[in-house]
Amino acid sequence: MRVCSISAALALLSTSTVSSFGITKLTKSYKSTTTTLHATTTAPSSPPPTLEPFSPIPPEISPTNPLRVLIAGAGVGGLALANSLSQLPHMDVTVLEKTDEFKRFGGPIQLASNALQILKEMDEGIYNQIDAKFTKTGDKENGIKDGIRNEWYAKFDLGTPATDRGLPYTGVIERPELQEIYLKAIPEGVVRNGDG
């Protein structure tokens, strides 16, 4: 049995856990604040399998031979990416979401001026739907305030930087509403929930 540091174990893992001389097994043991990894090597029962690709890689990407894109998670980021990519004719997009179905979950999410501008450039129709349900905060007094004494600890201006750069004002939208906007925009069958 060899005892090695975490960095040595990571180096061992990054090279290969199945080698020509056996299978490497790593276990952790905890002693106070020190982590020790133990590596053992056993003789292989059979040679390692030869890995074959799932399917041949196409020589060119086109609408008839699209690039297949797999996105993990149907959160706001995954759905925004899926919406943009699914509009391209040479992309075959699939979003895998671990939950069985979508439920209204989560509270408001703040979108800064620069994030809103990116959403607008990605898809102006989606941006307009977001804007319709959006509560702007960048055009109001912002900062950190003591709610009991009604005193401001700090104030910051979100409006002037947005106005100077021609960007939309920062604001908030309910996360489920933002998710629902994207879910309705994405073609049927792109998002797969649960095990299917």
# chains A, B, ... in the order shown; residues from 1 in each chain; ligands from 1
>>> residues_around(residues="Thr170 of chain A", least_positions_apart="2", cutoff="7 Å", atoms="only C-alpha atoms", output="PyMOL selection string")
chain A and resi 111-113+136-138+168
>>> write_last_selection(atoms="all heavy atoms", output="PDB file, in the first residue's frame")
ATOM      1  N   LEU A 111     -30.835  40.895 -12.423  1.00  0.00           N
ATOM      2  CA  LEU A 111     -30.091  40.918 -13.677  1.00  0.00           C
ATOM      3  C   LEU A 111     -29.497  42.315 -13.839  1.00  0.00           C
ATOM      4  O   LEU A 111     -30.233  43.306 -13.899  1.00  0.00           O
ATOM      5  CB  LEU A 111     -31.001  40.587 -14.856  1.00  0.00           C
ATOM      6  CG  LEU A 111     -31.634  39.192 -14.827  1.00  0.00           C
ATOM      7  CD1 LEU A 111     -32.639  39.045 -15.957  1.00  0.00           C
ATOM      8  CD2 LEU A 111     -30.574  38.119 -14.888  1.00  0.00           C
ATOM      9  N   ALA A 112     -28.185  42.381 -13.881  1.00  0.00           N
ATOM     10  CA  ALA A 112     -27.493  43.653 -14.023  1.00  0.00           C
ATOM     11  C   ALA A 112     -27.639  44.167 -15.454  1.00  0.00           C
ATOM     12  O   ALA A 112     -27.993  43.424 -16.375  1.00  0.00           O
ATOM     13  CB  ALA A 112     -26.023  43.483 -13.659  1.00  0.00           C
ATOM     14  N   SER A 113     -27.337  45.432 -15.636  1.00  0.00           N
ATOM     15  CA  SER A 113     -27.482  46.088 -16.938  1.00  0.00           C
ATOM     16  C   SER A 113     -26.726  45.355 -18.044  1.00  0.00           C
ATOM     17  O   SER A 113     -27.260  45.156 -19.141  1.00  0.00           O
ATOM     18  CB  SER A 113     -26.978  47.529 -16.848  1.00  0.00           C
ATOM     19  OG  SER A 113     -27.767  48.267 -15.962  1.00  0.00           O
ATOM     20  N   LYS A 136     -37.622  47.204 -12.447  1.00  0.00           N
ATOM     21  CA  LYS A 136     -36.360  47.937 -12.556  1.00  0.00           C
ATOM     22  C   LYS A 136     -35.966  48.491 -11.194  1.00  0.00           C
ATOM     23  O   LYS A 136     -36.784  49.053 -10.471  1.00  0.00           O
ATOM     24  CB  LYS A 136     -36.486  49.051 -13.589  1.00  0.00           C
ATOM     25  CG  LYS A 136     -36.595  48.520 -14.999  1.00  0.00           C
ATOM     26  CD  LYS A 136     -36.783  49.633 -16.012  1.00  0.00           C
ATOM     27  CE  LYS A 136     -36.792  49.131 -17.425  1.00  0.00           C
ATOM     28  NZ  LYS A 136     -37.758  48.135 -17.747  1.00  0.00           N
ATOM     29  N   THR A 137     -34.711  48.330 -10.857  1.00  0.00           N
ATOM     30  CA  THR A 137     -34.174  48.896  -9.617  1.00  0.00           C
ATOM     31  C   THR A 137     -33.064  49.898  -9.901  1.00  0.00           C
ATOM     32  O   THR A 137     -32.714  50.689  -9.036  1.00  0.00           O
ATOM     33  CB  THR A 137     -33.632  47.783  -8.693  1.00  0.00           C
ATOM     34  OG1 THR A 137     -32.632  47.051  -9.387  1.00  0.00           O
ATOM     35  CG2 THR A 137     -34.740  46.856  -8.238  1.00  0.00           C
ATOM     36  N   GLY A 138     -32.508  49.844 -11.105  1.00  0.00           N
ATOM     37  CA  GLY A 138     -31.396  50.730 -11.448  1.00  0.00           C
ATOM     38  C   GLY A 138     -31.775  52.188 -11.529  1.00  0.00           C
ATOM     39  O   GLY A 138     -30.908  53.057 -11.467  1.00  0.00           O
ATOM     40  N   PRO A 168     -29.851  48.785 -20.556  1.00  0.00           N
ATOM     41  CA  PRO A 168     -31.082  48.761 -19.761  1.00  0.00           C
ATOM     42  C   PRO A 168     -30.743  48.875 -18.267  1.00  0.00           C
ATOM     43  O   PRO A 168     -29.643  48.550 -17.849  1.00  0.00           O
ATOM     44  CB  PRO A 168     -31.702  47.403 -20.073  1.00  0.00           C
ATOM     45  CG  PRO A 168     -30.850  46.747 -21.089  1.00  0.00           C
ATOM     46  CD  PRO A 168     -29.602  47.532 -21.239  1.00  0.00           C
TER      47      PRO A 168
END
>>> residues_around(residues="Phe156 of chain A", least_positions_apart="6", cutoff="8 Å", atoms="only C-alpha atoms", output="list in words")
Glu141, Asn142 and Gly143 of chain A
>>> atom_distance(atom1="atom CA of Lys145 of chain A", atom2="atom CA of Ala115 of chain A")
25.1 Å
>>> atom_distance(atom1="atom CA of Ile118 of chain A", atom2="atom CA of Val69 of chain A")
21.3 Å
>>> residues_around(residues="Tyr182 of chain A", least_positions_apart="4", cutoff="9 Å", atoms="only C-alpha atoms", output="PyMOL selection string")
chain A and resi 76+79-80+82-83+126+177-178+186
